[in-house]
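protein37.pdb follows (PDB, C-alpha atoms, pLDDT in the B column):
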ATOM      1  CA  MET A   1      81.553 -18.184 -69.145  1.00 44.00           C
ATOM      2  CA  SER A   2      78.853 -19.793 -71.299  1.00 45.00           C
ATOM      3  CA  ASP A   3      77.439 -17.573 -74.041  1.00 49.00           C
ATOM      4  CA  LYS A   4      76.255 -14.787 -71.757  1.00 49.00           C
ATOM      5  CA  SER A   5      77.726 -11.307 -71.977  1.00 45.00           C
ATOM      6  CA  ASP A   6      79.324  -9.736 -68.916  1.00 46.00           C
ATOM      7  CA  ASP A   7      76.372  -7.364 -68.656  1.00 46.00           C
ATOM      8  CA  ASP A   8      73.943 -10.276 -68.473  1.00 47.00           C
ATOM      9  CA  SER A   9      76.039 -11.919 -65.783  1.00 42.00           C
ATOM     10  CA  ASP A  10      76.224  -8.722 -63.739  1.00 46.00           C
ATOM     11  CA  ASP A  11      72.430  -8.455 -63.788  1.00 46.00           C
ATOM     12  CA  LEU A  12      72.054 -11.789 -62.038  1.00 46.00           C
ATOM     13  CA  ASP A  13      72.361 -11.245 -58.319  1.00 51.00           C
ATOM     14  CA  PRO A  14      71.443 -14.119 -55.953  1.00 48.00           C
ATOM     15  CA  GLU A  15      70.959 -11.622 -53.138  1.00 47.00           C
ATOM     16  CA  ASP A  16      68.192  -9.560 -54.738  1.00 49.00           C
ATOM     17  CA  GLY A  17      64.578 -10.563 -55.069  1.00 42.00           C
ATOM     18  CA  GLY A  18      64.252  -9.991 -58.807  1.00 43.00           C
ATOM     19  CA  ASP A  19      64.148 -12.457 -61.671  1.00 46.00           C
ATOM     20  CA  PHE A  20      67.281 -14.327 -60.641  1.00 47.00           C
ATOM     21  CA  ASN A  21      67.348 -17.880 -61.995  1.00 54.00           C
ATOM     22  CA  GLU A  22      70.352 -19.842 -60.780  1.00 51.00           C
ATOM     23  CA  GLU A  23      69.928 -22.370 -63.598  1.00 55.00           C
ATOM     24  CA  GLU A  24      71.251 -19.662 -65.912  1.00 69.00           C
ATOM     25  CA  TRP A  25      74.539 -19.624 -64.014  1.00 85.00           C
ATOM     26  CA  ASP A  26      77.392 -22.030 -64.632  1.00 85.00           C
ATOM     27  CA  GLU A  27      80.472 -22.682 -62.501  1.00 87.00           C
ATOM     28  CA  GLU A  28      82.310 -19.653 -63.898  1.00 89.00           C
ATOM     29  CA  ASP A  29      79.391 -17.365 -63.056  1.00 89.00           C
ATOM     30  CA  TRP A  30      79.363 -18.552 -59.459  1.00 86.00           C
ATOM     31  CA  GLU A  31      83.138 -18.215 -59.228  1.00 89.00           C
ATOM     32  CA  LYS A  32      82.835 -14.621 -60.435  1.00 89.00           C
ATOM     33  CA  PHE A  33      80.169 -13.996 -57.786  1.00 84.00           C
ATOM     34  CA  PHE A  34      82.411 -15.441 -55.049  1.00 86.00           C
ATOM     35  CA  GLN A  35      85.348 -13.338 -56.261  1.00 87.00           C
ATOM     36  CA  GLU A  36      83.273 -10.154 -56.127  1.00 88.00           C
ATOM     37  CA  GLU A  37      82.001 -11.112 -52.668  1.00 83.00           C
ATOM     38  CA  GLU A  38      85.580 -11.661 -51.496  1.00 83.00           C
ATOM     39  CA  GLU A  39      86.717  -8.351 -52.987  1.00 85.00           C
ATOM     40  CA  GLN A  40      83.868  -6.543 -51.217  1.00 81.00           C
ATOM     41  CA  LYS A  41      84.974  -8.002 -47.874  1.00 78.00           C
ATOM     42  CA  ARG A  42      88.598  -7.063 -48.567  1.00 80.00           C
ATOM     43  CA  ARG A  43      87.558  -3.517 -49.504  1.00 82.00           C
ATOM     44  CA  LEU A  44      85.544  -3.170 -46.293  1.00 76.00           C
ATOM     45  CA  GLU A  45      88.560  -4.266 -44.228  1.00 76.00           C
ATOM     46  CA  GLN A  46      90.741  -1.666 -45.983  1.00 80.00           C
ATOM     47  CA  LEU A  47      88.207   1.074 -45.310  1.00 79.00           C
ATOM     48  CA  LEU A  48      87.906   0.112 -41.645  1.00 74.00           C
ATOM     49  CA  ASP A  49      91.701   0.257 -41.349  1.00 79.00           C
ATOM     50  CA  LYS A  50      91.497   3.736 -42.883  1.00 82.00           C
ATOM     51  CA  TYR A  51      88.567   5.152 -40.893  1.00 79.00           C
ATOM     52  CA  GLY A  52      88.795   3.122 -37.696  1.00 75.00           C
ATOM     53  CA  PHE A  53      86.479   0.528 -36.216  1.00 64.00           C
ATOM     54  CA  SER A  54      83.983   2.932 -34.635  1.00 69.00           C
ATOM     55  CA  GLU A  55      80.406   3.974 -35.325  1.00 71.00           C
ATOM     56  CA  GLU A  56      81.597   6.837 -37.514  1.00 78.00           C
ATOM     57  CA  GLY A  57      84.246   4.650 -39.161  1.00 72.00           C
ATOM     58  CA  LEU A  58      81.681   1.978 -40.005  1.00 70.00           C
ATOM     59  CA  ARG A  59      79.313   4.612 -41.374  1.00 75.00           C
ATOM     60  CA  ARG A  60      81.959   6.132 -43.636  1.00 80.00           C
ATOM     61  CA  ALA A  61      83.162   2.708 -44.798  1.00 76.00           C
ATOM     62  CA  PHE A  62      79.691   1.470 -45.721  1.00 72.00           C
ATOM     63  CA  GLN A  63      78.795   4.755 -47.390  1.00 78.00           C
ATOM     64  CA  GLU A  64      81.941   4.525 -49.519  1.00 79.00           C
ATOM     65  CA  LEU A  65      80.852   1.026 -50.522  1.00 74.00           C
ATOM     66  CA  GLY A  66      77.527   2.458 -51.670  1.00 74.00           C
ATOM     67  CA  TYR A  67      75.273   1.608 -48.728  1.00 71.00           C
ATOM     68  CA  ASP A  68      72.921   4.258 -47.322  1.00 65.00           C
ATOM     69  CA  LEU A  69      72.888   4.179 -43.537  1.00 60.00           C
ATOM     70  CA  PRO A  70      70.512   6.180 -41.306  1.00 57.00           C
ATOM     71  CA  ASP A  71      71.964   9.168 -39.480  1.00 58.00           C
ATOM     72  CA  SER A  72      72.587   8.797 -35.769  1.00 52.00           C
ATOM     73  CA  ASP A  73      69.657  11.082 -34.892  1.00 54.00           C
ATOM     74  CA  GLU A  74      67.322   8.867 -36.910  1.00 49.00           C
ATOM     75  CA  LEU A  75      68.039   5.888 -34.709  1.00 44.00           C
ATOM     76  CA  GLN A  76      65.725   5.149 -31.782  1.00 51.00           C
ATOM     77  CA  GLU A  77      66.979   5.957 -28.325  1.00 50.00           C
ATOM     78  CA  PRO A  78      67.459   2.750 -26.332  1.00 47.00           C
ATOM     79  CA  SER A  79      64.860   2.044 -23.679  1.00 53.00           C
ATOM     80  CA  ALA A  80      65.732   1.454 -20.045  1.00 52.00           C
ATOM     81  CA  ASP A  81      65.328  -2.292 -20.626  1.00 53.00           C
ATOM     82  CA  GLN A  82      67.695  -2.170 -23.595  1.00 48.00           C
ATOM     83  CA  GLU A  83      70.291  -0.276 -21.567  1.00 47.00           C
ATOM     84  CA  MET A  84      70.048  -2.926 -18.855  1.00 45.00           C
ATOM     85  CA  GLU A  85      70.500  -5.635 -21.506  1.00 48.00           C
ATOM     86  CA  ASP A  86      73.597  -3.823 -22.787  1.00 46.00           C
ATOM     87  CA  GLN A  87      75.057  -3.728 -19.308  1.00 47.00           C
ATOM     88  CA  ASP A  88      74.555  -7.478 -18.894  1.00 53.00           C
ATOM     89  CA  ILE A  89      75.696  -8.533 -22.350  1.00 47.00           C
ATOM     90  CA  ASP A  90      79.058  -9.922 -21.177  1.00 53.00           C
ATOM     91  CA  ALA A  91      77.310 -12.099 -18.604  1.00 57.00           C
ATOM     92  CA  ILE A  92      74.822 -13.279 -21.217  1.00 48.00           C
ATOM     93  CA  ILE A  93      77.580 -14.205 -23.666  1.00 46.00           C
ATOM     94  CA  ALA A  94      79.539 -16.041 -20.974  1.00 53.00           C
ATOM     95  CA  ALA A  95      76.470 -18.043 -19.964  1.00 53.00           C
ATOM     96  CA  GLU A  96      75.588 -18.958 -23.535  1.00 46.00           C
ATOM     97  CA  GLN A  97      79.166 -19.862 -24.436  1.00 49.00           C
ATOM     98  CA  SER A  98      79.348 -22.488 -21.709  1.00 51.00           C
ATOM     99  CA  ASP A  99      77.032 -24.854 -23.605  1.00 46.00           C
ATOM    100  CA  TRP A 100      77.785 -23.521 -27.098  1.00 45.00           C
ATOM    101  CA  ASP A 101      79.538 -26.707 -28.249  1.00 47.00           C
ATOM    102  CA  ASP A 102      76.629 -28.936 -27.234  1.00 48.00           C
ATOM    103  CA  GLU A 103      74.096 -26.673 -28.949  1.00 44.00           C
ATOM    104  CA  LEU A 104      75.971 -26.816 -32.234  1.00 48.00           C
ATOM    105  CA  THR A 105      76.633 -30.525 -32.003  1.00 49.00           C
ATOM    106  CA  PHE A 106      73.074 -31.637 -31.360  1.00 48.00           C
ATOM    107  CA  ARG A 107      70.982 -29.179 -33.345  1.00 53.00           C
ATOM    108  CA  ASP A 108      68.148 -30.902 -35.213  1.00 53.00           C
ATOM    109  CA  ASP A 109      69.213 -29.017 -38.351  1.00 59.00           C
ATOM    110  CA  TYR A 110      72.243 -31.286 -38.667  1.00 73.00           C
ATOM    111  CA  GLN A 111      70.467 -34.648 -38.521  1.00 77.00           C
ATOM    112  CA  ASN A 112      70.238 -34.777 -42.316  1.00 84.00           C
ATOM    113  CA  ALA A 113      73.631 -33.178 -42.937  1.00 88.00           C
ATOM    114  CA  HIS A 114      76.038 -34.540 -45.530  1.00 89.00           C
ATOM    115  CA  PRO A 115      79.206 -36.254 -44.140  1.00 90.00           C
ATOM    116  CA  LEU A 116      81.291 -33.520 -45.778  1.00 91.00           C
ATOM    117  CA  PHE A 117      79.556 -30.874 -43.666  1.00 91.00           C
ATOM    118  CA  LEU A 118      79.767 -32.958 -40.483  1.00 91.00           C
ATOM    119  CA  THR A 119      83.515 -33.512 -40.951  1.00 93.00           C
ATOM    120  CA  CYS A 120      84.171 -29.798 -41.468  1.00 93.00           C
ATOM    121  CA  HIS A 121      81.846 -28.885 -38.602  1.00 91.00           C
ATOM    122  CA  GLY A 122      83.627 -31.234 -36.196  1.00 91.00           C
ATOM    123  CA  LEU A 123      87.032 -29.858 -37.174  1.00 93.00           C
ATOM    124  CA  LEU A 124      85.843 -26.277 -36.767  1.00 90.00           C
ATOM    125  CA  LEU A 125      84.410 -26.958 -33.314  1.00 90.00           C
ATOM    126  CA  LYS A 126      87.691 -28.519 -32.215  1.00 91.00           C
ATOM    127  CA  VAL A 127      89.699 -25.533 -33.463  1.00 91.00           C
ATOM    128  CA  VAL A 128      87.431 -22.873 -31.971  1.00 88.00           C
ATOM    129  CA  LYS A 129      87.370 -24.639 -28.605  1.00 88.00           C
ATOM    130  CA  SER A 130      91.159 -25.041 -28.554  1.00 89.00           C
ATOM    131  CA  MET A 131      91.945 -21.480 -29.655  1.00 87.00           C
ATOM    132  CA  ARG A 132      89.169 -19.488 -28.013  1.00 83.00           C
ATOM    133  CA  HIS A 133      91.368 -18.151 -25.185  1.00 83.00           C
ATOM    134  CA  ILE A 134      94.350 -17.140 -27.328  1.00 86.00           C
ATOM    135  CA  TRP A 135      94.944 -13.400 -27.474  1.00 83.00           C
ATOM    136  CA  VAL A 136      95.631 -11.941 -30.927  1.00 80.00           C
ATOM    137  CA  ASP A 137      96.489  -8.305 -31.523  1.00 73.00           C
ATOM    138  CA  HIS A 138      96.109  -7.973 -35.303  1.00 77.00           C
ATOM    139  CA  ARG A 139      94.029  -9.334 -38.166  1.00 78.00           C
ATOM    140  CA  ASP A 140      97.010 -10.987 -39.890  1.00 83.00           C
ATOM    141  CA  HIS A 141      97.885 -13.142 -36.883  1.00 89.00           C
ATOM    142  CA  PRO A 142      98.392 -16.819 -37.913  1.00 92.00           C
ATOM    143  CA  VAL A 143      95.617 -17.939 -35.551  1.00 92.00           C
ATOM    144  CA  VAL A 144      93.170 -15.570 -37.271  1.00 89.00           C
ATOM    145  CA  THR A 145      94.336 -16.676 -40.730  1.00 90.00           C
ATOM    146  CA  PHE A 146      94.014 -20.343 -39.787  1.00 94.00           C
ATOM    147  CA  GLN A 147      90.513 -20.004 -38.354  1.00 92.00           C
ATOM    148  CA  THR A 148      89.346 -17.758 -41.192  1.00 91.00           C
ATOM    149  CA  GLY A 149      90.264 -20.437 -43.716  1.00 92.00           C
ATOM    150  CA  LEU A 150      88.155 -23.000 -41.857  1.00 93.00           C
ATOM    151  CA  PHE A 151      85.198 -20.639 -41.499  1.00 93.00           C
ATOM    152  CA  GLU A 152      85.356 -19.789 -45.202  1.00 92.00           C
ATOM    153  CA  CYS A 153      85.520 -23.498 -46.010  1.00 94.00           C
ATOM    154  CA  MET A 154      82.436 -24.149 -43.875  1.00 92.00           C
ATOM    155  CA  SER A 155      80.632 -21.198 -45.435  1.00 91.00           C
ATOM    156  CA  LYS A 156      81.144 -22.516 -48.959  1.00 93.00           C
ATOM    157  CA  ILE A 157      80.140 -26.064 -47.988  1.00 93.00           C
ATOM    158  CA  ILE A 158      76.902 -24.645 -46.593  1.00 90.00           C
ATOM    159  CA  HIS A 159      76.499 -22.486 -49.703  1.00 88.00           C
ATOM    160  CA  ALA A 160      76.628 -25.661 -51.800  1.00 89.00           C
ATOM    161  CA  GLY A 161      73.815 -27.189 -49.740  1.00 88.00           C
ATOM    162  CA  TYR A 162      75.784 -29.813 -47.815  1.00 90.00           C
ATOM    163  CA  ILE A 163      74.208 -28.836 -44.509  1.00 86.00           C
ATOM    164  CA  ASP A 164      71.283 -30.946 -45.728  1.00 85.00           C
ATOM    165  CA  ILE A 165      71.666 -33.987 -48.008  1.00 77.00           C
ATOM    166  CA  ASP A 166      68.408 -33.256 -49.826  1.00 76.00           C
ATOM    167  CA  ARG A 167      69.503 -29.699 -50.578  1.00 72.00           C
ATOM    168  CA  ALA A 168      72.888 -30.935 -51.803  1.00 66.00           C
ATOM    169  CA  LEU A 169      71.193 -33.315 -54.227  1.00 66.00           C
ATOM    170  CA  GLU A 170      68.990 -30.517 -55.568  1.00 74.00           C
ATOM    171  CA  ALA A 171      71.681 -27.823 -55.744  1.00 75.00           C
ATOM    172  CA  GLU A 172      72.656 -26.441 -59.133  1.00 85.00           C
ATOM    173  CA  ARG A 173      75.811 -28.133 -60.465  1.00 87.00           C
ATOM    174  CA  GLY A 174      77.706 -24.928 -61.269  1.00 90.00           C
ATOM    175  CA  LEU A 175      77.140 -23.564 -57.757  1.00 89.00           C
ATOM    176  CA  VAL A 176      78.272 -26.803 -56.109  1.00 91.00           C
ATOM    177  CA  LEU A 177      81.500 -27.023 -58.109  1.00 92.00           C
ATOM    178  CA  ALA A 178      82.409 -23.369 -57.617  1.00 94.00           C
ATOM    179  CA  ALA A 179      81.631 -23.520 -53.882  1.00 93.00           C
ATOM    180  CA  LEU A 180      83.561 -26.765 -53.337  1.00 95.00           C
ATOM    181  CA  LYS A 181      86.618 -25.419 -55.149  1.00 94.00           C
ATOM    182  CA  ARG A 182      86.430 -22.264 -53.013  1.00 94.00           C
ATOM    183  CA  ALA A 183      86.143 -24.436 -49.893  1.00 95.00           C
ATOM    184  CA  ARG A 184      89.244 -26.381 -50.982  1.00 95.00           C
ATOM    185  CA  LYS A 185      91.193 -23.166 -51.579  1.00 93.00           C
ATOM    186  CA  SER A 186      90.281 -21.798 -48.129  1.00 93.00           C
ATOM    187  CA  LEU A 187      91.193 -25.086 -46.484  1.00 94.00           C
ATOM    188  CA  LEU A 188      94.584 -25.116 -48.201  1.00 94.00           C
ATOM    189  CA  GLY A 189      95.152 -21.634 -46.768  1.00 93.00           C
ATOM    190  CA  SER A 190      94.640 -23.039 -43.281  1.00 94.00           C
ATOM    191  CA  LEU A 191      96.890 -26.010 -44.000  1.00 94.00           C
ATOM    192  CA  PHE A 192      99.721 -23.770 -45.204  1.00 95.00           C
ATOM    193  CA  THR A 193      99.399 -21.686 -42.010  1.00 94.00           C
ATOM    194  CA  ILE A 194     100.229 -24.595 -39.705  1.00 95.00           C
ATOM    195  CA  PRO A 195     104.029 -24.027 -39.942  1.00 94.00           C
ATOM    196  CA  LYS A 196     103.430 -20.469 -38.693  1.00 93.00           C
ATOM    197  CA  LEU A 197     101.402 -21.858 -35.790  1.00 94.00           C
ATOM    198  CA  GLU A 198     104.280 -24.208 -35.003  1.00 94.00           C
ATOM    199  CA  ALA A 199     106.653 -21.233 -34.870  1.00 93.00           C
ATOM    200  CA  LEU A 200     104.453 -19.526 -32.244  1.00 91.00           C
ATOM    201  CA  LYS A 201     105.114 -22.458 -29.857  1.00 91.00           C
ATOM    202  CA  ILE A 202     101.717 -22.083 -28.178  1.00 90.00           C
ATOM    203  CA  PHE A 203     100.318 -25.405 -29.409  1.00 92.00           C
ATOM    204  CA  SER A 204     101.679 -28.902 -28.894  1.00 92.00           C
ATOM    205  CA  ASN A 205     103.180 -30.732 -31.856  1.00 93.00           C
ATOM    206  CA  THR A 206     100.644 -33.508 -31.280  1.00 94.00           C
ATOM    207  CA  PHE A 207      97.712 -31.102 -31.577  1.00 94.00           C
ATOM    208  CA  LEU A 208      99.065 -29.503 -34.757  1.00 94.00           C
ATOM    209  CA  SER A 209      99.763 -32.916 -36.271  1.00 95.00           C
ATOM    210  CA  GLN A 210      96.169 -33.906 -35.591  1.00 94.00           C
ATOM    211  CA  LEU A 211      94.942 -30.706 -37.257  1.00 95.00           C
ATOM    212  CA  ARG A 212      97.153 -31.335 -40.282  1.00 95.00           C
ATOM    213  CA  HIS A 213      95.872 -34.901 -40.587  1.00 96.00           C
ATOM    214  CA  GLN A 214      92.200 -33.861 -40.258  1.00 95.00           C
ATOM    215  CA  ILE A 215      92.565 -31.062 -42.802  1.00 95.00           C
ATOM    216  CA  ILE A 216      94.174 -33.423 -45.310  1.00 95.00           C
ATOM    217  CA  GLU A 217      91.323 -35.901 -44.771  1.00 95.00           C
ATOM    218  CA  LEU A 218      88.779 -33.117 -45.364  1.00 95.00           C
ATOM    219  CA  LEU A 219      90.624 -32.045 -48.508  1.00 95.00           C
ATOM    220  CA  GLN A 220      90.418 -35.600 -49.784  1.00 95.00           C
ATOM    221  CA  LEU A 221      86.664 -35.666 -49.125  1.00 94.00           C
ATOM    222  CA  ILE A 222      86.211 -32.385 -50.998  1.00 95.00           C
ATOM    223  CA  ASN A 223      88.274 -33.648 -53.937  1.00 94.00           C
ATOM    224  CA  GLN A 224      86.213 -36.845 -54.068  1.00 94.00           C
ATOM    225  CA  GLU A 225      82.994 -34.822 -54.023  1.00 93.00           C
ATOM    226  CA  ILE A 226      84.226 -32.540 -56.820  1.00 93.00           C
ATOM    227  CA  ILE A 227      85.005 -35.590 -58.950  1.00 93.00           C
ATOM    228  CA  SER A 228      81.609 -37.100 -58.132  1.00 92.00           C
ATOM    229  CA  VAL A 229      79.730 -33.924 -59.075  1.00 90.00           C
ATOM    230  CA  LYS A 230      81.682 -33.600 -62.328  1.00 89.00           C
ATOM    231  CA  GLN A 231      80.757 -37.145 -63.299  1.00 88.00           C
ATOM    232  CA  LYS A 232      77.049 -36.528 -62.815  1.00 80.00           C
ATOM    233  CA  LYS A 233      75.142 -35.586 -65.949  1.00 62.00           C
TER     234      LYS A 233
END

Here is a file; write its structure as structure tokens.
Amino acid sequence: MSDKSDDDSDDLDPEDGGDFNEEEWDEEDWEKFFQEEEEQKRRLEQLLDKYGFSEEGLRRAFQELGYDLPDSDELQEPSADQEMEDQDIDAIIAAEQSDWDDELTFRDDYQNAHPLFLTCHGLLLKVVKSMRHIWVDHRDHPVVTFQTGLFECMSKIIHAGYIDIDRALEAERGLVLAALKRARKSLLGSLFTIPKLEALKIFSNTFLSQLRHQIIELLQLINQEIISVKQKK
């Protein structure tokens, strides 16, 4: 990791508002950041399994991770309007979900998106739409694993700036390479889960073959982009 000591690297946090300068980070620095981010998520999941997914469980989990949360009595009591909103939340979600695909597809934000983002975005929309009504009863279910890999892939592509071509061109080289390699790793996780989806016998062979083909195409695009970024001086 360049010539920086571990202490120097630990002091650089992209999430704080201090003197962070991403030009000081190389690919290894960003990879370390992504690893720590992933470990934090994994630790939170373990704590929620331990304490339960409830208000008290969340509080204990976040406190153990070092976050200070306000006590329950410090929170504002909901107003009558807020209580009414809570009662209608299912209806609101159902109404919004009906045109969710169109909203995501035609958002102005995506007009300048890189083809890599658009390909991943289209695949993700197809998967979410096809699997939205499938009931899963645990976090390790193959459907959850498959979708998580795609969401992580999308997250890293966005992190690298590919949601906007101009941002991708300006993004720091080390960040782009680390994010693209993370995206590739997540996508491979989804690809390797397809045999488990086949064993569930809830999807047609044609649909799963299409998914496999699209994922392989996306992997090829990511590999090409990694090579392209490496060749740039």

Could you check which of A:Phe192, A:Phe146, A:Phe151, A:Phe117 is closest to Met131 in chain A, using all atoms listed in the file?
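Between A:Phe192, A:Phe146, A:Phe151, A:Phe117, the residue approaching Met131 in chain A most closely is A:Phe146.
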
What does the PyMOL selection byres ((chain A and resi 165) around 6) select in this file, as a PDB file with C-alpha atoms, keeping the file's coordinate frame?
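What ended up in expr34.pdb:
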ATOM      1  CA  ASN A 112      70.238 -34.777 -42.316  1.00 84.00           C
ATOM      2  CA  ALA A 113      73.631 -33.178 -42.937  1.00 88.00           C
ATOM      3  CA  HIS A 114      76.038 -34.540 -45.530  1.00 89.00           C
ATOM      4  CA  TYR A 162      75.784 -29.813 -47.815  1.00 90.00           C
ATOM      5  CA  ASP A 164      71.283 -30.946 -45.728  1.00 85.00           C
ATOM      6  CA  ASP A 166      68.408 -33.256 -49.826  1.00 76.00           C
ATOM      7  CA  ARG A 167      69.503 -29.699 -50.578  1.00 72.00           C
ATOM      8  CA  ALA A 168      72.888 -30.935 -51.803  1.00 66.00           C
TER       9      ALA A 168
END

Computed interatomic separation between CA of Arg132 in chain A and CA of Leu58 in chain A (Å):
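These atoms are spaced 25.7 Å apart.
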
With a distance cut-off of 8 Å and only C-alpha atoms, select the neighbouring residues of Tyr51 in chain A, excluding the residue or stretch itself and same-chain residues fewer than 6 positions from it, and output the selection as a PyMOL selection string.
chain A and resi 57-58+60-61

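CA of Ala178 in chain A lies 11.3 Å from CA of Lys230 in chain A.
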
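Shortest separation to Val143 in chain A among A:Ile216, A:Val128, A:Leu116, A:Leu175 occurs at residue A:Val128, atoms counted being all atoms listed in the file.
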
Would you please work out which residue, of A:Lys32, A:Arg173, A:His121, A:Lys156, is nearest to Lys232 in chain A when using all atoms listed in the file?
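Distance minimum relative to Lys232 in chain A lands on A:Arg173.
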
Among the residues A:Met154, A:Leu180, A:Leu208, A:Ile134, the one that comes closest to Trp30 in chain A [using all atoms listed in the file]:
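Selected residue with least distance to Trp30 in chain A: A:Leu180.
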
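As for CA of Lys126 in chain A and CA of Gln40 in chain A, they are spaced 29.3 Å apart.
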
Mind working out the centre and edge lengths of an axis-aligned box for range 27-45 of chain A, all listed atoms inside, 8 Å added to each side, rounded to one decimal in Å and written as AutoDock Vina command-line options?
--center_x 84.0 --center_y -12.9 --center_z -54.1 --size_x 25.2 --size_y 35.5 --size_z 35.7

Selection dump of the PyMOL selection byres ((chain A and resi 148) around 12), as a CSV table (one decimal) with C-alpha atoms, in the frame of the given file:
chain,number,residue,atom,x,y,z
A,124,LEU,CA,85.8,-26.3,-36.8
A,127,VAL,CA,89.7,-25.5,-33.5
A,128,VAL,CA,87.4,-22.9,-32.0
A,139,ARG,CA,94.0,-9.3,-38.2
A,140,ASP,CA,97.0,-11.0,-39.9
A,141,HIS,CA,97.9,-13.1,-36.9
A,142,PRO,CA,98.4,-16.8,-37.9
A,143,VAL,CA,95.6,-17.9,-35.6
A,144,VAL,CA,93.2,-15.6,-37.3
A,145,THR,CA,94.3,-16.7,-40.7
A,146,PHE,CA,94.0,-20.3,-39.8
A,147,GLN,CA,90.5,-20.0,-38.4
A,149,GLY,CA,90.3,-20.4,-43.7
A,150,LEU,CA,88.2,-23.0,-41.9
A,151,PHE,CA,85.2,-20.6,-41.5
A,152,GLU,CA,85.4,-19.8,-45.2
A,153,CYS,CA,85.5,-23.5,-46.0
A,154,MET,CA,82.4,-24.1,-43.9
A,155,SER,CA,80.6,-21.2,-45.4
A,183,ALA,CA,86.1,-24.4,-49.9
A,185,LYS,CA,91.2,-23.2,-51.6
A,186,SER,CA,90.3,-21.8,-48.1
A,187,LEU,CA,91.2,-25.1,-46.5
A,188,LEU,CA,94.6,-25.1,-48.2
A,189,GLY,CA,95.2,-21.6,-46.8
A,190,SER,CA,94.6,-23.0,-43.3
A,191,LEU,CA,96.9,-26.0,-44.0
A,193,THR,CA,99.4,-21.7,-42.0

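Those residues that approach Ser209 in chain A to within 12 Å, counting only C-alpha atoms, are Leu191, Ile194, Pro195, Leu197, Glu198, Phe203, Ser204, Asn205, His213, Gln214, Ile215 and Ile216 of chain A; same-chain residues fewer than 4 positions away are not listed.
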
A:Leu65, A:Ser130, A:Glu27, A:Thr206 ranked by distance to Ile226 in chain A, top pick (using only C-alpha atoms)
A:Glu27
